[in-house]
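Quick look at structure_38.cif (mmCIF, C-alpha atoms):
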data_model
#
loop_
_atom_site.group_PDB
_atom_site.id
_atom_site.type_symbol
_atom_site.label_atom_id
_atom_site.label_comp_id
_atom_site.auth_asym_id
_atom_site.auth_seq_id
_atom_site.Cartn_x
_atom_site.Cartn_y
_atom_site.Cartn_z
ATOM 1 C CA MET F 254 0.000 0.000 0.000
ATOM 2 C CA ASP F 255 1.560 3.326 -1.048
ATOM 3 C CA ILE F 256 1.144 6.594 0.859
ATOM 4 C CA SER F 257 -1.815 7.807 -1.217
ATOM 5 C CA GLN F 258 -3.743 4.574 -0.613
ATOM 6 C CA TRP F 259 -2.930 4.728 3.083
ATOM 7 C CA LEU F 260 -4.121 8.323 3.360
ATOM 8 C CA SER F 261 -7.316 7.522 1.467
ATOM 9 C CA TYR F 262 -8.044 4.937 4.174
ATOM 10 C CA ILE F 263 -8.074 7.651 6.852
ATOM 11 C CA THR F 264 -11.737 8.552 6.689
ATOM 12 C CA GLU F 265 -14.023 9.442 9.581
ATOM 13 C CA GLU F 266 -15.763 6.066 9.387
ATOM 14 C CA ASN F 267 -12.529 4.046 9.324
ATOM 15 C CA LEU F 268 -10.970 6.083 12.117
ATOM 16 C CA MET F 269 -14.029 5.601 14.316
ATOM 17 C CA LYS F 270 -13.781 1.856 13.722
ATOM 18 C CA TRP F 271 -10.035 1.825 14.382
ATOM 19 C CA MET F 272 -10.345 3.858 17.589
ATOM 20 C CA ASN F 273 -13.035 1.536 18.937
ATOM 21 C CA GLU F 274 -11.040 -1.594 18.031
ATOM 22 C CA TYR F 275 -7.909 -0.367 19.833
ATOM 23 C CA ARG F 276 -9.645 1.373 22.719
ATOM 24 C CA ALA F 277 -8.082 -1.193 25.071
ATOM 25 C CA LEU F 278 -4.709 0.475 24.444
ATOM 26 C CA GLY F 279 -6.005 3.548 26.214
ATOM 27 C CA PRO F 280 -4.806 6.952 25.051
ATOM 28 C CA LEU F 281 -1.873 5.660 22.978
ATOM 29 C CA ALA F 282 -3.896 4.997 19.832
ATOM 30 C CA SER F 283 -5.719 8.330 20.012
ATOM 31 C CA MET F 284 -2.464 10.250 20.544
ATOM 32 C CA LEU F 285 -0.525 8.532 17.748
ATOM 33 C CA LEU F 286 -2.167 10.127 14.704
ATOM 34 C CA PRO F 287 -2.096 13.692 16.128
ATOM 35 C CA PHE F 288 1.581 13.086 16.970
ATOM 36 C CA LEU F 289 2.334 11.921 13.410
ATOM 37 C CA LYS F 290 0.711 15.061 11.964
ATOM 38 C CA SER F 291 3.958 16.945 12.634
ATOM 39 C CA PHE F 292 5.836 14.482 10.398
ATOM 40 C CA ILE F 293 3.207 13.537 7.778
ATOM 41 C CA PRO F 294 1.579 16.789 6.563
ATOM 42 C CA PRO F 295 -1.200 15.179 4.429
ATOM 43 C CA LEU F 296 -2.884 13.613 7.475
ATOM 44 C CA PRO F 297 -6.391 15.139 7.822
ATOM 45 C CA THR F 298 -6.213 17.120 11.061
ATOM 46 C CA ILE F 299 -9.896 18.007 11.290
ATOM 47 C CA VAL F 300 -10.995 14.380 10.786
ATOM 48 C CA ILE F 301 -8.504 13.017 13.329
ATOM 49 C CA LEU F 302 -9.349 15.545 16.046
ATOM 50 C CA GLY F 303 -13.063 15.343 15.395
ATOM 51 C CA VAL F 304 -13.067 11.545 15.672
ATOM 52 C CA ASN F 305 -11.121 11.670 18.951
ATOM 53 C CA ALA F 306 -13.752 14.001 20.392
ATOM 54 C CA ALA F 307 -16.617 11.870 19.059
ATOM 55 C CA VAL F 308 -15.174 8.613 20.429
ATOM 56 C CA TYR F 309 -13.895 9.786 23.821
ATOM 57 C CA GLY F 310 -16.077 12.828 24.457
ATOM 58 C CA LEU F 311 -15.135 16.498 24.269
ATOM 59 C CA TRP F 312 -12.730 16.850 27.181
ATOM 60 C CA VAL F 313 -10.959 13.485 27.068
ATOM 61 C CA GLY F 314 -10.755 13.580 23.269
ATOM 62 C CA PHE F 315 -9.397 17.127 23.430
ATOM 63 C CA LEU F 316 -6.789 16.128 26.003
ATOM 64 C CA TYR F 317 -5.540 13.142 23.985
ATOM 65 C CA SER F 318 -5.374 15.148 20.761
ATOM 66 C CA TRP F 319 -3.677 18.098 22.469
ATOM 67 C CA ILE F 320 -1.003 15.924 24.066
ATOM 68 C CA GLY F 321 -0.353 14.072 20.804
ATOM 69 C CA ILE F 322 -0.134 17.106 18.547
ATOM 70 C CA THR F 323 1.931 19.121 21.057
ATOM 71 C CA ALA F 324 4.345 16.239 21.621
ATOM 72 C CA GLY F 325 4.757 15.865 17.851
ATOM 73 C CA SER F 326 5.516 19.577 17.406
ATOM 74 C CA LEU F 327 8.048 19.621 20.237
ATOM 75 C CA THR F 328 9.733 16.438 18.990
ATOM 76 C CA ALA F 329 10.045 17.830 15.459
ATOM 77 C CA PHE F 330 11.385 21.132 16.838
ATOM 78 C CA TRP F 331 13.953 19.324 18.979
ATOM 79 C CA LEU F 332 15.107 17.092 16.105
ATOM 80 C CA VAL F 333 15.564 20.056 13.767
ATOM 81 C CA ARG F 334 17.404 22.000 16.478
ATOM 82 C CA LYS F 335 19.771 19.064 16.995
ATOM 83 C CA LEU F 336 20.302 18.520 13.256
ATOM 84 C CA SER F 337 21.085 22.224 12.813
ATOM 85 C CA GLU F 338 24.165 21.653 14.986
ATOM 86 C CA HIS F 339 25.564 19.263 12.360
ATOM 87 C CA ARG F 340 28.599 20.794 10.663
ATOM 88 C CA TYR F 341 27.017 20.941 7.206
ATOM 89 C CA LEU F 342 23.762 22.520 8.329
ATOM 90 C CA SER F 343 25.665 24.718 10.764
ATOM 91 C CA ARG F 344 27.364 26.466 7.823
ATOM 92 C CA LEU F 345 23.971 27.325 6.349
ATOM 93 C CA VAL F 346 22.484 28.411 9.669
ATOM 94 C CA HIS F 347 25.422 30.747 10.356
ATOM 95 C CA ASN F 348 25.428 32.311 6.911
ATOM 96 C CA PRO F 349 25.244 36.133 7.427
ATOM 97 C CA LYS F 350 21.998 36.473 5.442
ATOM 98 C CA VAL F 351 20.433 33.536 7.267
ATOM 99 C CA VAL F 352 21.602 34.911 10.623
ATOM 100 C CA THR F 353 19.689 38.151 9.972
ATOM 101 C CA THR F 354 16.513 36.215 9.172
ATOM 102 C CA ARG F 355 16.953 33.953 12.179
ATOM 103 C CA ARG F 356 17.436 36.953 14.454
ATOM 104 C CA TRP F 357 14.189 38.510 13.195
ATOM 105 C CA ILE F 358 12.273 35.261 13.670
ATOM 106 C CA ARG F 359 13.783 34.789 17.118
ATOM 107 C CA ASN F 360 12.612 38.251 18.182
ATOM 108 C CA ASN F 361 9.189 38.177 16.498
ATOM 109 C CA GLY F 362 8.498 34.490 16.038
ATOM 110 C CA PHE F 363 6.228 33.991 19.033
ATOM 111 C CA ASN F 364 3.280 35.843 17.487
ATOM 112 C CA TYR F 365 3.645 34.095 14.128
ATOM 113 C CA ILE F 366 4.008 30.627 15.646
ATOM 114 C CA PHE F 367 0.988 31.231 17.857
ATOM 115 C CA LEU F 368 -1.185 32.549 15.022
ATOM 116 C CA LEU F 369 -0.192 29.825 12.543
ATOM 117 C CA SER F 370 -0.845 27.193 15.215
ATOM 118 C CA LEU F 371 -4.494 28.266 15.308
ATOM 119 C CA PHE F 372 -5.219 26.870 11.860
ATOM 120 C CA PRO F 373 -6.244 23.198 11.613
ATOM 121 C CA VAL F 374 -4.887 23.073 8.059
ATOM 122 C CA GLY F 375 -1.531 24.469 7.117
ATOM 123 C CA PRO F 376 2.216 23.852 7.038
ATOM 124 C CA PHE F 377 2.570 22.141 10.432
ATOM 125 C CA THR F 378 5.830 20.460 9.499
ATOM 126 C CA LEU F 379 7.279 23.585 7.875
ATOM 127 C CA LEU F 380 6.390 25.653 10.944
ATOM 128 C CA ASN F 381 8.238 23.245 13.241
ATOM 129 C CA VAL F 382 11.269 23.142 10.927
ATOM 130 C CA ALA F 383 11.426 26.943 10.572
ATOM 131 C CA ALA F 384 11.126 27.393 14.332
ATOM 132 C CA GLY F 385 13.835 24.808 14.983
ATOM 133 C CA LEU F 386 16.250 26.516 12.598
ATOM 134 C CA SER F 387 15.405 30.049 13.719
ATOM 135 C CA GLY F 388 17.069 29.873 17.110
ATOM 136 C CA ILE F 389 13.886 30.946 18.882
ATOM 137 C CA ARG F 390 13.918 30.091 22.568
ATOM 138 C CA PHE F 391 12.448 26.696 23.348
ATOM 139 C CA ARG F 392 10.385 28.354 26.062
ATOM 140 C CA SER F 393 8.788 30.763 23.581
ATOM 141 C CA PHE F 394 8.063 27.947 21.129
ATOM 142 C CA LEU F 395 6.620 25.813 23.929
ATOM 143 C CA ILE F 396 4.241 28.531 25.143
ATOM 144 C CA ALA F 397 3.127 29.419 21.612
ATOM 145 C CA ILE F 398 2.522 25.768 20.699
ATOM 146 C CA ILE F 399 0.766 24.824 23.948
ATOM 147 C CA PHE F 400 -1.701 27.701 23.675
ATOM 148 C CA GLY F 401 -1.945 27.942 19.878
ATOM 149 C CA ARG F 402 -2.342 24.227 19.266
ATOM 150 C CA GLY F 403 -4.538 23.995 22.357
ATOM 151 C CA ILE F 404 -6.979 26.552 20.937
ATOM 152 C CA MET F 405 -7.049 24.829 17.551
ATOM 153 C CA VAL F 406 -7.541 21.357 19.022
ATOM 154 C CA PHE F 407 -10.240 22.570 21.405
ATOM 155 C CA ALA F 408 -12.121 24.406 18.653
ATOM 156 C CA VAL F 409 -12.121 21.373 16.335
ATOM 157 C CA SER F 410 -12.956 18.999 19.211
ATOM 158 C CA PHE F 411 -15.700 21.294 20.492
ATOM 159 C CA ILE F 412 -17.363 21.313 17.098
ATOM 160 C CA GLY F 413 -16.581 17.683 16.228
ATOM 161 C CA ALA F 414 -18.002 16.315 19.482
ATOM 162 C CA ASP F 415 -21.522 17.469 18.538
ATOM 163 C CA LEU F 416 -21.689 18.971 15.054
ATOM 164 C CA SER F 417 -25.501 19.130 15.069
ATOM 165 C CA ARG F 418 -25.363 21.610 17.960
ATOM 166 C CA TYR F 419 -23.792 24.252 15.730
ATOM 167 C CA ARG F 420 -26.190 23.680 12.901
ATOM 168 C CA GLU F 421 -29.072 24.350 15.284
ATOM 169 C CA ASN F 422 -27.368 27.062 17.375
ATOM 170 C CA PRO F 423 -24.561 28.776 15.408
ATOM 171 C CA TRP F 424 -24.131 31.315 18.211
ATOM 172 C CA ASN F 425 -22.322 28.609 20.188
ATOM 173 C CA LEU F 426 -19.331 29.363 17.952
ATOM 174 C CA LEU F 427 -18.983 32.612 19.916
ATOM 175 C CA LEU F 428 -17.810 30.475 22.844
ATOM 176 C CA VAL F 429 -14.998 29.153 20.688
ATOM 177 C CA LEU F 430 -14.056 32.711 19.665
ATOM 178 C CA LEU F 431 -14.076 33.835 23.301
ATOM 179 C CA PHE F 432 -11.822 30.916 24.224
ATOM 180 C CA VAL F 433 -9.375 31.920 21.469
ATOM 181 C CA ILE F 434 -9.202 35.504 22.727
ATOM 182 C CA ILE F 435 -8.686 34.486 26.364
ATOM 183 C CA CYS F 436 -5.908 32.031 25.483
ATOM 184 C CA PHE F 437 -4.151 34.566 23.278
ATOM 185 C CA VAL F 438 -4.159 37.172 26.060
ATOM 186 C CA CYS F 439 -2.919 34.608 28.595
ATOM 187 C CA SER F 440 -0.120 33.320 26.360
ATOM 188 C CA ARG F 441 1.070 36.835 25.518
ATOM 189 C CA SER F 442 1.044 37.749 29.220
ATOM 190 C CA ILE F 443 3.124 34.696 30.111
ATOM 191 C CA GLU F 444 5.632 35.368 27.334
ATOM 192 C CA ALA F 445 5.855 39.072 28.291
ATOM 193 C CA TRP F 446 6.484 38.123 31.924
ATOM 194 C CA PHE F 447 9.344 35.805 30.954
ATOM 195 C CA SER F 448 10.797 38.475 28.642
ATOM 196 C CA ARG F 449 10.753 41.104 31.395
ATOM 197 C CA ARG F 450 12.400 38.656 33.787
ATOM 198 C CA ASP F 451 15.162 37.937 31.251
ATOM 199 C CA GLN F 452 15.762 41.645 30.669
ATOM 200 C CA LEU F 453 16.061 42.281 34.392
ATOM 201 C CA ALA F 454 18.496 39.380 34.733
ATOM 202 C CA GLU F 455 20.653 40.770 31.897
ATOM 203 C CA GLN F 456 20.751 44.217 33.531
ATOM 204 C CA GLN F 457 21.945 42.845 36.871
#
Would you mind writing the structure in this file as structure tokens?
Amino acid sequence: MDISQWLSYITEENLMKWMNEYRALGPLASMLLPFLKSFIPPLPTIVILGVNAAVYGLWVGFLYSWIGITAGSLTAFWLVRKLSEHRYLSRLVHNPKVVTTRRWIRNNGFNYIFLLSLFPVGPFTLLNVAAGLSGIRFRSFLIAIIFGRGIMVFAVSFIGADLSRYRENPWNLLLVLLFVIICFVCSRSIEAWFSRRDQLAEQQ
């Protein structure tokens, strides 16, 4: 079975069947596909997260998906960061033109990583690779991913757990929007607090 045939198998119906068959494994099966999303871009994020929420319920499904997709992002980031220390990649990373770009991303990357993490479709793998090569602090990447991916996973899980609710009461989507705003404010406050602490430490 080639990759296209394998991906065509990942439908909502087949995933529901697969999740129920391997439910005895606990959270491992439900975390695996969200984890792999960081390494296999064509995987259908919305289908995977929606099925998790439908099978395990909103909160448990959200938790499993969030852990899986966050762990995948952090693993990809760490691997790219380690590979960038290889002597061949190190020459590219320390090229003067690349250094300027990396410095800009390092200083401004938090907002972009957070915002791009909100979208259920997009260049997940490319985002992790760019962040790993940019030199952005792991702490900043971690905060942006935890909150950004958390918002995205919650929004998809919230809708996927009971899609009929939003057809009958579209105003419920305002709750999702409110959750996004609150998480963004919280994540920015946490990052700003760490930044101020670092500046004070440098001045002492």
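Taking atom CA of Glu338 of chain F and atom CA of Gly388 of chain F as endpoints, the distance between them is 11.1 Å.
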* To do: Identify all residues satisfying the PyMOL selection byres ((chain F and resi 299) around 9) in the given file; provide them as an MDAnalysis selection string.
  => chainID F and resid 297:298 300:304 373:374 406 409:410 413
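Atom CA of Leu379 of chain F lies 13.7 Å from atom CA of Gly362 of chain F.
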* **Counting only C-alpha atoms, the residue of F:Leu395, F:Val438, F:Leu369, F:Leu336 that sits nearest Ala324 of chain F** => F:Leu395
* Between atom CA of Phe330 of chain F and atom CA of Gly403 of chain F, measure the distance and give it in Å to one decimal. => 17.1 Å
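Ranking F:Phe411, F:Trp319, F:Trp271, F:Phe391 by their shortest atom-to-atom distance to Arg334 of chain F, with all atoms listed in the file included, puts F:Phe391 first.
Of the listed residues F:Thr328, F:Ser393, F:Asn267, F:Ser370, the one whose atoms come nearest to Ala445 of chain F is F:Ser393, with distances taken using all atoms listed in the file.
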* Residues matched by the PyMOL selection byres ((chain F and resi 305) around 9), written as a ChimeraX atom specification -> /F:268-269,272,283-284,300-304,306-311,313-315,317-318,410,413-414
Filtering to C-alpha atoms, could you give me those residues as a PDB file, keeping the file's coordinate frame?
ATOM      1  CA  LEU F 268     -10.970   6.083  12.117  1.00  0.00           C
ATOM      2  CA  MET F 269     -14.029   5.601  14.316  1.00  0.00           C
ATOM      3  CA  MET F 272     -10.345   3.858  17.589  1.00  0.00           C
ATOM      4  CA  SER F 283      -5.719   8.330  20.012  1.00  0.00           C
ATOM      5  CA  MET F 284      -2.464  10.250  20.544  1.00  0.00           C
ATOM      6  CA  VAL F 300     -10.995  14.380  10.786  1.00  0.00           C
ATOM      7  CA  ILE F 301      -8.504  13.017  13.329  1.00  0.00           C
ATOM      8  CA  LEU F 302      -9.349  15.545  16.046  1.00  0.00           C
ATOM      9  CA  GLY F 303     -13.063  15.343  15.395  1.00  0.00           C
ATOM     10  CA  VAL F 304     -13.067  11.545  15.672  1.00  0.00           C
ATOM     11  CA  ALA F 306     -13.752  14.001  20.392  1.00  0.00           C
ATOM     12  CA  ALA F 307     -16.617  11.870  19.059  1.00  0.00           C
ATOM     13  CA  VAL F 308     -15.174   8.613  20.429  1.00  0.00           C
ATOM     14  CA  TYR F 309     -13.895   9.786  23.821  1.00  0.00           C
ATOM     15  CA  GLY F 310     -16.077  12.828  24.457  1.00  0.00           C
ATOM     16  CA  LEU F 311     -15.135  16.498  24.269  1.00  0.00           C
ATOM     17  CA  VAL F 313     -10.959  13.485  27.068  1.00  0.00           C
ATOM     18  CA  GLY F 314     -10.755  13.580  23.269  1.00  0.00           C
ATOM     19  CA  PHE F 315      -9.397  17.127  23.430  1.00  0.00           C
ATOM     20  CA  TYR F 317      -5.540  13.142  23.985  1.00  0.00           C
ATOM     21  CA  SER F 318      -5.374  15.148  20.761  1.00  0.00           C
ATOM     22  CA  SER F 410     -12.956  18.999  19.211  1.00  0.00           C
ATOM     23  CA  GLY F 413     -16.581  17.683  16.228  1.00  0.00           C
ATOM     24  CA  ALA F 414     -18.002  16.315  19.482  1.00  0.00           C
TER      25      ALA F 414
END
* To do: Check the smallest atom-to-atom distance from each of F:Ile412, F:Ile293, F:Ile396, F:Arg402 to Trp446 of chain F using only C-alpha atoms, then report the winner.
  => F:Ile396
* For the structure provided, state which residues fall under the PyMOL selection byres ((chain F and resi 323) around 8), and present them as a PyMOL selection string. => chain F and resi 288+319-322+324-327+398-399+402
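Within the 10 Å cut-off around Ala384 of chain F, using only C-alpha atoms and omitting residues fewer than 5 positions from it on the same chain, the listed residues are Ala329, Phe330, Trp331, Val333, Arg334, Arg355, Ile358, Arg359, Gly362, Phe363, Ile366, Thr378, Leu379, Ile389, Arg390, Phe391 and Phe394 of chain F.
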Taking all atoms of segment 376-387 of chain F that the file lists and extending 4 Å past them on each side, where is the centre of the axis-aligned box and how long are its edges? Answer in Å to one decimal, as AutoDock Vina command-line options.
--center_x 9.2 --center_y 25.3 --center_z 11.0 --size_x 22.0 --size_y 17.6 --size_z 15.9
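The closest residue to Leu428 of chain F, picked from F:Lys335, F:Leu371, F:Ile443, F:Phe407 and counting all atoms listed in the file, is F:Phe407.
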Please fill the gaps in segment 275-299 of chain F so it has N, CA, C and O atoms, and write that as a compact mmCIF listing (two decimals), in the frame of the given file.
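Once written, out_39.txt looks like this:
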# COMPACT_ATOMS: atom_id res chain seq x y z
N TYR F 275 -9.13 -0.45 19.02
CA TYR F 275 -7.91 -0.37 19.83
C TYR F 275 -8.10 0.47 21.10
O TYR F 275 -7.14 0.97 21.67
N ARG F 276 -9.35 0.58 21.53
CA ARG F 276 -9.64 1.37 22.72
C ARG F 276 -8.98 0.79 23.95
O ARG F 276 -8.70 1.49 24.93
N ALA F 277 -8.72 -0.54 23.93
CA ALA F 277 -8.08 -1.19 25.07
C ALA F 277 -6.66 -0.67 25.31
O ALA F 277 -6.13 -0.78 26.41
N LEU F 278 -6.06 -0.08 24.29
CA LEU F 278 -4.71 0.48 24.44
C LEU F 278 -4.71 1.80 25.18
O LEU F 278 -3.66 2.38 25.45
N GLY F 279 -5.91 2.28 25.50
CA GLY F 279 -6.00 3.55 26.21
C GLY F 279 -5.71 4.72 25.30
O GLY F 279 -6.06 4.71 24.11
N PRO F 280 -5.03 5.73 25.83
CA PRO F 280 -4.81 6.95 25.05
C PRO F 280 -3.77 6.84 23.94
O PRO F 280 -3.67 7.72 23.10
N LEU F 281 -2.98 5.75 23.94
CA LEU F 281 -1.87 5.66 22.98
C LEU F 281 -2.35 5.75 21.53
O LEU F 281 -1.78 6.49 20.72
N ALA F 282 -3.41 5.00 21.20
CA ALA F 282 -3.90 5.00 19.83
C ALA F 282 -4.43 6.37 19.43
O ALA F 282 -4.21 6.83 18.30
N SER F 283 -5.12 7.03 20.34
CA SER F 283 -5.72 8.33 20.01
C SER F 283 -4.69 9.45 19.97
O SER F 283 -4.94 10.51 19.39
N MET F 284 -3.53 9.24 20.58
CA MET F 284 -2.46 10.25 20.54
C MET F 284 -1.54 10.07 19.34
O MET F 284 -0.88 11.02 18.92
N LEU F 285 -1.50 8.85 18.80
CA LEU F 285 -0.52 8.53 17.75
C LEU F 285 -0.72 9.37 16.49
O LEU F 285 0.23 9.98 15.99
N LEU F 286 -1.94 9.40 15.95
CA LEU F 286 -2.17 10.13 14.70
C LEU F 286 -1.95 11.64 14.86
O LEU F 286 -1.31 12.25 14.00
N PRO F 287 -2.43 12.28 15.94
CA PRO F 287 -2.10 13.69 16.13
C PRO F 287 -0.58 13.92 16.23
O PRO F 287 -0.07 14.92 15.71
N PHE F 288 0.12 12.98 16.87
CA PHE F 288 1.58 13.09 16.97
C PHE F 288 2.22 13.04 15.58
O PHE F 288 3.11 13.84 15.26
N LEU F 289 1.75 12.10 14.74
CA LEU F 289 2.33 11.92 13.41
C LEU F 289 2.05 13.09 12.48
O LEU F 289 2.72 13.25 11.45
N LYS F 290 1.05 13.92 12.82
CA LYS F 290 0.71 15.06 11.96
C LYS F 290 1.90 15.99 11.76
O LYS F 290 2.04 16.61 10.71
N SER F 291 2.78 16.08 12.75
CA SER F 291 3.96 16.94 12.63
C SER F 291 4.99 16.39 11.68
O SER F 291 5.91 17.12 11.27
N PHE F 292 4.86 15.11 11.29
CA PHE F 292 5.84 14.48 10.40
C PHE F 292 5.23 14.06 9.06
O PHE F 292 5.96 13.85 8.10
N ILE F 293 3.90 13.93 9.02
CA ILE F 293 3.21 13.54 7.78
C ILE F 293 2.14 14.59 7.48
O ILE F 293 0.99 14.46 7.93
N PRO F 294 2.50 15.66 6.78
CA PRO F 294 1.58 16.79 6.56
C PRO F 294 0.22 16.43 5.97
O PRO F 294 -0.78 17.05 6.34
N PRO F 295 0.11 15.43 5.04
CA PRO F 295 -1.20 15.18 4.43
C PRO F 295 -2.26 14.60 5.37
O PRO F 295 -3.43 14.52 5.00
N LEU F 296 -1.88 14.17 6.57
CA LEU F 296 -2.88 13.61 7.48
C LEU F 296 -3.99 14.64 7.73
O LEU F 296 -3.71 15.80 8.00
N PRO F 297 -5.26 14.21 7.67
CA PRO F 297 -6.39 15.14 7.82
C PRO F 297 -6.63 15.53 9.28
O PRO F 297 -7.27 14.79 10.04
N THR F 298 -6.15 16.69 9.67
CA THR F 298 -6.21 17.12 11.06
C THR F 298 -7.64 17.18 11.59
O THR F 298 -7.94 16.68 12.68
N ILE F 299 -8.53 17.81 10.83
CA ILE F 299 -9.90 18.01 11.29
C ILE F 299 -10.59 16.67 11.54
O ILE F 299 -11.29 16.49 12.54
